[in-house]
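> Below is the file entry-v1.pdb, which contains PDB, C-alpha atoms.
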```
ATOM      1  CA  MET X 556      38.564 -14.625 -21.568
ATOM      2  CA  LYS X 557      40.642 -13.359 -18.667
ATOM      3  CA  ALA X 558      39.891  -9.763 -19.637
ATOM      4  CA  GLY X 559      36.153 -10.481 -19.623
ATOM      5  CA  CYS X 560      36.331 -12.048 -16.166
ATOM      6  CA  SER X 561      38.332  -9.106 -14.890
ATOM      7  CA  GLN X 562      35.787  -6.606 -16.185
ATOM      8  CA  GLN X 563      32.939  -8.556 -14.600
ATOM      9  CA  GLN X 564      34.761  -8.703 -11.263
ATOM     10  CA  ASN X 565      35.428  -4.968 -11.413
ATOM     11  CA  ALA X 566      31.758  -4.276 -12.134
ATOM     12  CA  GLU X 567      30.689  -6.459  -9.205
ATOM     13  CA  ALA X 568      33.170  -4.680  -6.941
ATOM     14  CA  VAL X 569      31.826  -1.270  -7.976
ATOM     15  CA  LEU X 570      28.234  -2.434  -7.352
ATOM     16  CA  PHE X 571      29.221  -3.752  -3.922
ATOM     17  CA  ILE X 572      30.818  -0.408  -3.001
ATOM     18  CA  VAL X 573      27.733   1.481  -4.186
ATOM     19  CA  HIS X 574      25.526  -0.718  -2.020
ATOM     20  CA  LEU X 575      27.787  -0.111   0.963
ATOM     21  CA  CYS X 576      27.535   3.641   0.448
ATOM     22  CA  LEU X 577      23.772   3.616   0.023
ATOM     23  CA  PHE X 578      22.783   0.980   2.556
ATOM     24  CA  GLY X 579      25.751   0.569   4.871
ATOM     25  CA  GLY X 580      24.017   2.316   7.761
ATOM     26  CA  TYR X 581      20.674   0.557   7.370
ATOM     27  CA  GLN X 582      19.366  -2.330   9.435
ATOM     28  CA  LEU X 583      18.295  -4.941   6.871
ATOM     29  CA  THR X 584      16.979  -7.775   9.021
ATOM     30  CA  GLU X 585      14.096  -6.169  10.909
ATOM     31  CA  LEU X 586      11.442  -6.950   8.281
ATOM     32  CA  GLN X 587      10.086 -10.430   8.981
ATOM     33  CA  ILE X 588       8.452 -10.660   5.563
ATOM     34  CA  CYS X 589      11.917 -10.740   3.978
ATOM     35  CA  HIS X 590      12.722 -13.987   5.790
ATOM     36  CA  LEU X 591       9.349 -15.687   5.597
ATOM     37  CA  CYS X 592      11.062 -18.594   3.847
ATOM     38  CA  ASN X 593      14.622 -19.662   3.097
ATOM     39  CA  GLY X 594      16.709 -18.368   0.227
ATOM     40  CA  THR X 595      17.236 -14.995  -1.386
ATOM     41  CA  VAL X 596      16.057 -13.181  -4.486
ATOM     42  CA  GLN X 597      17.923 -14.632  -7.462
ATOM     43  CA  ASN X 598      19.378 -12.382 -10.154
ATOM     44  CA  GLY X 599      17.684 -14.222 -13.019
ATOM     45  CA  THR X 600      14.164 -13.977 -11.595
ATOM     46  CA  ALA X 601      11.646 -11.269 -12.426
ATOM     47  CA  THR X 602      12.078  -9.719  -8.966
ATOM     48  CA  GLY X 603      15.866  -9.945  -9.209
ATOM     49  CA  GLN X 604      15.903  -8.182 -12.556
ATOM     50  CA  PHE X 605      13.498  -5.540 -11.275
ATOM     51  CA  CYS X 606      15.682  -4.989  -8.203
ATOM     52  CA  SER X 607      18.778  -4.574 -10.362
ATOM     53  CA  ARG X 608      17.055  -2.035 -12.623
ATOM     54  CA  SER X 609      15.756  -0.127  -9.608
ATOM     55  CA  GLY X 610      19.108   0.048  -7.836
ATOM     56  CA  GLY X 611      17.766  -1.825  -4.823
ATOM     57  CA  LEU X 612      19.522  -4.080  -2.364
ATOM     58  CA  ILE X 613      18.560  -7.717  -1.857
ATOM     59  CA  ASP X 614      17.914  -8.851   1.701
ATOM     60  CA  GLY X 615      16.506 -12.353   1.911
ATOM     61  CA  ARG X 616      13.333 -12.431  -0.169
ATOM     62  CA  CYS X 617      13.081  -8.630  -0.401
ATOM     63  CA  CYS X 618      14.418  -5.917  -2.622
ATOM     64  CA  LEU X 619      14.936  -2.834  -0.451
ATOM     65  CA  ARG X 620      15.505   0.827  -1.038
ATOM     66  CA  GLY X 621      16.586   3.470   1.440
ATOM     67  CA  LYS X 622      14.497   6.560   2.012
ATOM     68  CA  GLU X 623      16.166   9.802   0.998
ATOM     69  CA  ASN X 624      17.460  12.116   3.714
ATOM     70  CA  THR X 625      16.924   9.482   6.397
ATOM     71  CA  SER X 626      19.174   7.052   8.221
ATOM     72  CA  ASN X 627      18.512   3.451   9.211
ATOM     73  CA  VAL X 628      15.237   3.431   7.263
ATOM     74  CA  VAL X 629      14.484   1.123   4.349
ATOM     75  CA  TYR X 630      11.309   0.051   2.614
ATOM     76  CA  VAL X 631      10.355  -2.861   0.383
ATOM     77  CA  ILE X 632      10.066  -2.253  -3.362
ATOM     78  CA  GLY X 633      10.079  -5.909  -4.390
ATOM     79  CA  LEU X 634       9.079  -9.171  -2.705
ATOM     80  CA  ASP X 635       9.796 -12.664  -4.049
ATOM     81  CA  LEU X 636       7.983 -15.397  -2.139
ATOM     82  CA  SER X 637       7.919 -17.782  -5.084
ATOM     83  CA  ASN X 638       8.519 -21.485  -4.419
ATOM     84  CA  CYS X 639       8.138 -21.039  -0.647
ATOM     85  CA  SER X 640       5.718 -23.955  -0.153
ATOM     86  CA  LEU X 641       3.065 -21.517   1.053
ATOM     87  CA  SER X 642      -0.466 -22.877   1.394
ATOM     88  CA  HIS X 643      -1.897 -19.567   2.628
ATOM     89  CA  VAL X 644      -0.805 -15.961   3.081
ATOM     90  CA  GLU X 645      -2.307 -13.919   5.908
ATOM     91  CA  ASN X 646      -0.366 -10.660   6.113
ATOM     92  CA  LEU X 647       1.881  -8.816   3.655
ATOM     93  CA  GLN X 648       1.632  -5.341   5.198
ATOM     94  CA  GLU X 649       5.387  -5.028   5.710
ATOM     95  CA  ALA X 650       5.617  -5.032   1.911
ATOM     96  CA  SER X 651       2.779  -2.546   1.312
ATOM     97  CA  THR X 652       5.239  -0.247  -0.511
ATOM     98  CA  ALA X 653       6.233  -2.949  -2.999
ATOM     99  CA  ALA X 654       5.961  -2.280  -6.718
ATOM    100  CA  MET X 655       6.476  -5.966  -7.538
ATOM    101  CA  ILE X 656       5.453  -9.170  -5.736
ATOM    102  CA  ASP X 657       5.943 -12.780  -6.845
ATOM    103  CA  LEU X 658       3.822 -15.466  -5.157
ATOM    104  CA  SER X 659       4.128 -18.067  -7.909
ATOM    105  CA  MET X 660       5.000 -21.764  -7.447
ATOM    106  CA  ASN X 661       3.105 -22.014  -4.155
ATOM    107  CA  LEU X 662       0.164 -24.205  -3.137
ATOM    108  CA  LEU X 663      -2.206 -21.284  -2.733
ATOM    109  CA  LEU X 664      -5.886 -22.042  -3.273
ATOM    110  CA  THR X 665      -7.250 -18.543  -2.692
ATOM    111  CA  LEU X 666      -6.206 -15.005  -1.816
ATOM    112  CA  ASP X 667      -8.424 -12.465  -0.098
ATOM    113  CA  ASP X 668      -8.541  -9.096  -1.891
ATOM    114  CA  SER X 669      -8.091  -7.406   1.492
ATOM    115  CA  LEU X 670      -4.585  -8.916   1.609
ATOM    116  CA  PHE X 671      -3.477  -6.111  -0.718
ATOM    117  CA  GLU X 672      -5.273  -3.269   1.051
ATOM    118  CA  GLY X 673      -3.050  -0.182   0.921
ATOM    119  CA  PHE X 674      -0.806  -1.581  -1.851
ATOM    120  CA  ILE X 675      -1.248   1.428  -4.117
ATOM    121  CA  GLN X 676       2.294   1.152  -5.551
ATOM    122  CA  LEU X 677       1.874  -2.458  -6.668
ATOM    123  CA  GLY X 678       2.323  -2.551 -10.432
ATOM    124  CA  SER X 679       3.290  -6.163 -11.055
ATOM    125  CA  LEU X 680       1.966  -9.262  -9.293
ATOM    126  CA  ILE X 681       2.814 -12.862 -10.232
ATOM    127  CA  LEU X 682       0.465 -15.579  -8.969
ATOM    128  CA  PRO X 683      -0.107 -19.319  -9.459
ATOM    129  CA  SER X 684      -2.275 -19.833 -12.541
ATOM    130  CA  ASN X 685      -5.199 -21.183 -10.495
ATOM    131  CA  LEU X 686      -5.731 -17.772  -8.861
ATOM    132  CA  VAL X 687      -7.315 -14.606 -10.218
ATOM    133  CA  CYS X 688      -5.815 -11.152  -9.948
ATOM    134  CA  PRO X 689      -7.003  -9.280  -6.810
ATOM    135  CA  GLY X 690      -9.857  -6.951  -7.640
ATOM    136  CA  GLY X 691     -10.559  -8.915 -10.826
ATOM    137  CA  ASN X 692      -9.129  -8.448 -14.317
ATOM    138  CA  ALA X 693     -10.797  -5.033 -14.587
ATOM    139  CA  SER X 694      -8.453  -3.723 -11.874
ATOM    140  CA  TRP X 695      -5.360  -4.287 -14.055
ATOM    141  CA  GLU X 696      -4.130  -2.957 -17.368
ATOM    142  CA  LYS X 697      -2.901  -6.383 -18.423
ATOM    143  CA  VAL X 698      -3.616  -9.930 -17.236
ATOM    144  CA  GLU X 699      -1.616 -12.696 -18.890
ATOM    145  CA  VAL X 700      -1.352 -16.426 -18.178
ATOM    146  CA  LYS X 701       2.099 -17.881 -18.779
ATOM    147  CA  GLY X 702       2.360 -21.594 -18.146
ATOM    148  CA  GLU X 703       1.759 -22.110 -14.426
ATOM    149  CA  THR X 704       1.672 -18.420 -13.551
ATOM    150  CA  VAL X 705      -0.633 -15.462 -14.107
ATOM    151  CA  LEU X 706       0.778 -11.958 -14.420
ATOM    152  CA  CYS X 707      -1.280  -9.027 -13.137
ATOM    153  CA  GLU X 708       0.336  -5.876 -14.476
ATOM    154  CA  GLY X 709      -0.452  -2.179 -14.284
ATOM    155  CA  GLN X 710      -2.790  -1.604 -11.340
ATOM    156  CA  LYS X 711      -5.634   0.724 -12.257
ATOM    157  CA  ASP X 712      -6.873   3.552 -10.057
ATOM    158  CA  ILE X 713     -10.454   2.478  -9.394
ATOM    159  CA  CYS X 714     -11.441   6.041  -8.544
ATOM    160  CA  ASN X 715     -10.686   7.128 -12.114
ATOM    161  CA  GLN X 716     -12.210   4.163 -13.959
ATOM    162  CA  THR X 717     -15.760   5.460 -14.047
ATOM    163  CA  GLY X 718     -17.164   8.940 -13.939
ATOM    164  CA  HIS X 719     -19.895   8.034 -11.454
ATOM    165  CA  LEU X 720     -17.764   6.340  -8.786
ATOM    166  CA  SER X 721     -17.555   9.586  -6.841
ATOM    167  CA  LEU X 722     -21.246   9.123  -6.101
ATOM    168  CA  THR X 723     -20.262   6.116  -3.978
ATOM    169  CA  CYS X 724     -18.538   8.444  -1.522
ATOM    170  CA  PRO X 725     -20.681  10.742   0.614
ATOM    171  CA  GLU X 726     -20.732  14.487   0.256
ATOM    172  CA  ASN X 727     -17.655  16.310   1.600
ATOM    173  CA  SER X 728     -15.399  13.357   0.799
ATOM    174  CA  LEU X 729     -13.161  12.237  -2.045
ATOM    175  CA  CYS X 730     -12.429   8.789  -3.434
ATOM    176  CA  SER X 731      -8.831   7.580  -3.143
ATOM    177  CA  ALA X 732      -7.318   4.299  -4.338
ATOM    178  CA  ASP X 733      -6.480   1.775  -1.633
ATOM    179  CA  GLY X 734      -5.114  -1.209  -3.547
ATOM    180  CA  PRO X 735      -6.283  -3.437  -6.425
ATOM    181  CA  GLY X 736     -10.042  -2.975  -6.787
ATOM    182  CA  LEU X 737     -10.180  -1.149  -3.450
ATOM    183  CA  PHE X 738     -10.921   2.453  -2.546
ATOM    184  CA  GLN X 739     -11.656   4.593   0.481
ATOM    185  CA  CYS X 740     -13.532   7.839   0.998
ATOM    186  CA  ASP X 741     -11.454  10.536   2.702
ATOM    187  CA  CYS X 742     -13.145  13.537   4.277
ATOM    188  CA  VAL X 743     -12.113  16.793   2.660
ATOM    189  CA  GLU X 744     -10.455  19.492   4.728
ATOM    190  CA  ASP X 745     -12.537  20.855   7.620
ATOM    191  CA  PHE X 746     -14.909  17.860   7.641
ATOM    192  CA  HIS X 747     -14.795  14.709   9.766
ATOM    193  CA  GLY X 748     -16.892  12.109  11.542
ATOM    194  CA  TYR X 749     -19.625   9.768  10.355
ATOM    195  CA  LYS X 750     -20.063  10.217   6.597
ATOM    196  CA  CYS X 751     -17.993  13.416   6.850
ATOM    197  CA  LEU X 752     -21.057  15.312   8.144
ATOM    198  CA  ARG X 753     -19.223  17.269  10.826
ATOM    199  CA  GLU X 754     -17.560  20.535   9.885
ATOM    200  CA  VAL X 755     -14.702  21.980  11.905
ATOM    201  CA  TRP X 756     -13.454  25.555  11.957
ATOM    202  CA  THR X 757     -11.653  27.831  14.365
ATOM    203  CA  VAL X 758     -13.862  30.184  16.373
ATOM    204  CA  PRO X 759     -13.404  33.872  15.406
ATOM    205  CA  ASN X 760     -11.716  35.956  18.100
ATOM    206  CA  ASN X 761     -11.005  32.746  20.036
ATOM    207  CA  PRO X 762      -7.913  31.165  18.467
ATOM    208  CA  GLY X 763      -7.756  28.662  21.317
ATOM    209  CA  LEU X 764     -11.076  27.053  20.356
ATOM    210  CA  TRP X 765     -12.385  25.115  17.398
ATOM    211  CA  ALA X 766     -15.986  24.286  16.703
ATOM    212  CA  SER X 767     -17.626  21.225  15.241
ATOM    213  CA  ARG X 768     -20.925  21.546  13.424
ATOM    214  CA  GLY X 769     -22.830  18.645  11.919
ATOM    215  CA  LEU X 770     -26.184  17.537  10.650
ATOM    216  CA  CYS X 771     -27.846  15.459  13.360
ATOM    217  CA  ILE X 772     -29.832  12.505  12.067
ATOM    218  CA  SER X 773     -32.550  11.037  14.253
ATOM    219  CA  GLY X 774     -32.381   7.337  15.055
ATOM    220  CA  LEU X 775     -28.911   6.759  13.610
ATOM    221  CA  TYR X 776     -26.011   5.822  15.866
ATOM    222  CA  PRO X 777     -27.456   7.357  19.074
ATOM    223  CA  ALA X 778     -24.411   6.110  21.004
ATOM    224  CA  MET X 779     -22.341   8.650  19.106
ATOM    225  CA  GLY X 780     -24.159  11.481  20.838
ATOM    226  CA  TYR X 781     -26.312  12.817  18.035
ATOM    227  CA  PRO X 782     -29.300  14.877  19.267
ATOM    228  CA  GLU X 783     -32.611  13.203  18.568
ATOM    229  CA  THR X 784     -34.171  16.101  16.644
ATOM    230  CA  GLN X 785     -33.996  15.280  12.965
ATOM    231  CA  GLY X 786     -32.300  17.941  10.872
ATOM    232  CA  GLN X 787     -31.087  19.951  13.878
ATOM    233  CA  ILE X 788     -27.679  21.582  13.541
ATOM    234  CA  GLY X 789     -25.449  20.821  16.514
ATOM    235  CA  LEU X 790     -22.646  23.154  17.524
ATOM    236  CA  ARG X 791     -19.946  22.153  19.999
ATOM    237  CA  PHE X 792     -16.781  23.898  21.143
ATOM    238  CA  TYR X 793     -13.485  22.200  21.984
ATOM    239  CA  PRO X 794     -10.033  23.432  23.052
ATOM    240  CA  LEU X 795      -7.460  23.233  20.324
ATOM    241  CA  PRO X 796      -5.156  20.208  20.705
TER     242      PRO X 796
END
```
Using structure tokens, write down the structure from this file.

Amino acid sequence: MKAGCSQQQNAEAVLFIVHLCLFGGYQLTELQICHLCNGTVQNGTATGQFCSRSGGLIDGRCCLRGKENTSNVVYVIGLDLSNCSLSHVENLQEASTAAMIDLSMNLLLTLDDSLFEGFIQLGSLILPSNLVCPGGNASWEKVEVKGETVLCEGQKDICNQTGHLSLTCPENSLCSADGPGLFQCDCVEDFHGYKCLREVWTVPNNPGLWASRGLCISGLYPAMGYPETQGQIGLRFYPLP
């Protein structure tokens, strides 16, 4: 019995030293989301177990990891706001890098899908059973109700779910995932502006200039400076930034 206790204490001491080496220089209290309510992540919880497997460090309600080759920089990989007496949640952006979030055992009546905008790493989300997974069940590989909680697991990339989704984005742009059930259209290289209609390239023999060419559409967004002639190609020159 004594030997077992000694081994456990030694293991805890080694883990403490490892954490000091990895996180000793980091500031762990700057993220307000980690202290949104009292308490810390418990070892026996889903977030606690995830944090232990991931080699993270618990700070309040967060599991943190340090960025490689940087100092004094950490980011959230897990967030446990379970049993925080929350009736609403307005902003979780400080935890947008989280792979796991637990919002169970709260008095939440609804969650806006936009709350998880940009949460492309989120792979496991635990909610009160009265709520639905953000983006709907189709946005997750697995949705399971367990007692008073619902588990949303394995976020799907909406851009790869259907072959025709690319048609939703305008020409000269690509679909990219932006959270559960969310996507955005990013202009491809050398295109920018409204619906990615403006093309940019450097002017030959004038490396200090770049040109912007775009299709000008009559009657649409005149405040943006489009010429009124429908179908006219506009060409403008600008100094390189």
> I would like the residues chosen by the PyMOL selection byres ((chain X and resi 694) around 6) on the shown file; could you give them as a list in words?
Gly690, Gly691, Asn692, Ala693, Trp695, Lys711, Pro735 and Gly736 of chain X
> Considering only C-alpha atoms, return as number ranges by chain whatever protein or nucleic-acid residues lie within 10 Å of Val644 (chain X), sequence-local ones (same chain, fewer than 3 positions apart) excluded.
X: 641, 647, 658, 663, 665-667, 670
> Using all atoms listed in the file, can you list as a list in words the residues within 9 Å of (-4.4, -9.7, -9.0)?
Asp668, Ser679, Leu680, Ile681, Leu682, Leu686, Val687, Cys688, Pro689, Gly690, Gly691, Asn692, Ser694, Trp695, Val698, Val705, Leu706, Cys707, Glu708, Gln710 and Pro735 of chain X
> Name all residues at most 8 Å from Ala732 (chain X) (count only C-alpha atoms; drop same-chain ones fewer than 4 positions away) and give them as an mmCIF file with C-alpha atoms, keeping the file's coordinate frame.

```
data_model
loop_
_atom_site.group_PDB
_atom_site.id
_atom_site.type_symbol
_atom_site.label_atom_id
_atom_site.label_comp_id
_atom_site.auth_asym_id
_atom_site.auth_seq_id
_atom_site.Cartn_x
_atom_site.Cartn_y
_atom_site.Cartn_z
ATOM 1 C CA ILE X 675 -1.248 1.428 -4.117
ATOM 2 C CA ASP X 712 -6.873 3.552 -10.057
ATOM 3 C CA ILE X 713 -10.454 2.478 -9.394
ATOM 4 C CA CYS X 714 -11.441 6.041 -8.544
ATOM 5 C CA LEU X 737 -10.180 -1.149 -3.450
ATOM 6 C CA PHE X 738 -10.921 2.453 -2.546
ATOM 7 C CA GLN X 739 -11.656 4.593 0.481
#
```
> State, in Å with one decimal place, the distance from CA of Gly610 (chain X) to CA of Thr595 (chain X).
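Computing it gives 16.5 Å between the two atoms.
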> How far is it from CA of Leu619 (chain X) to CA of Gly734 (chain X), in Å with one decimal?
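The value is 20.4 Å.
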> Identify all residues satisfying the PyMOL selection byres ((chain X and resi 602) around 10) in the given file; provide them as a list in words.
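Applied to this file, the PyMOL selection byres ((chain X and resi 602) around 10) returns Val596, Gln597, Asn598, Gly599, Thr600, Ala601, Gly603, Gln604, Phe605, Cys606, Ser607, Arg608, Ile613, Arg616, Cys617, Cys618, Ile632, Gly633, Leu634, Asp635, Leu636, Ser637, Ala654, Met655, Ile656, Asp657, Ser679 and Ile681 of chain X.
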> Starting from 8 Å padding per side, set up an axis-aligned box that covers all listed atoms of region 707-714 of chain X and hand over centre and edge lengths in Å, one decimal, as JSON.

```
{"center_x": -5.6, "center_y": -1.5, "center_z": -11.5, "size_x": 27.8, "size_y": 31.1, "size_z": 21.9}
```
> For Ser684 (chain X), please output as a PyMOL selection string all residues within 7 Å (counting only C-alpha atoms; exclusion window: fewer than 4 positions along the same chain).
chain X and resi 700+703-705
> For the atom pair CA of Ser642 (chain X) and CA of Gly611 (chain X), what is the interatomic distance in Å to one decimal place?
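Interatomic distance here is 28.5 Å.
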> Gln648 (chain X): which residues within 10 Å, counting only C-alpha atoms, same-chain residues fewer than 2 positions away excluded, as a list in words?
Ile588, Glu645, Asn646, Ala650, Ser651, Thr652, Ala653, Leu670, Phe671, Glu672, Gly673 and Phe674 of chain X
> With the PyMOL selection byres ((chain X and resi 638) around 7) as the selection, what would be picked from this file? Answer as a list of chain:residue names, please.
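Output from the PyMOL selection byres ((chain X and resi 638) around 7), applied to this file: X:Leu636, X:Ser637, X:Cys639, X:Ser640, X:Ser659, X:Met660, X:Asn661.
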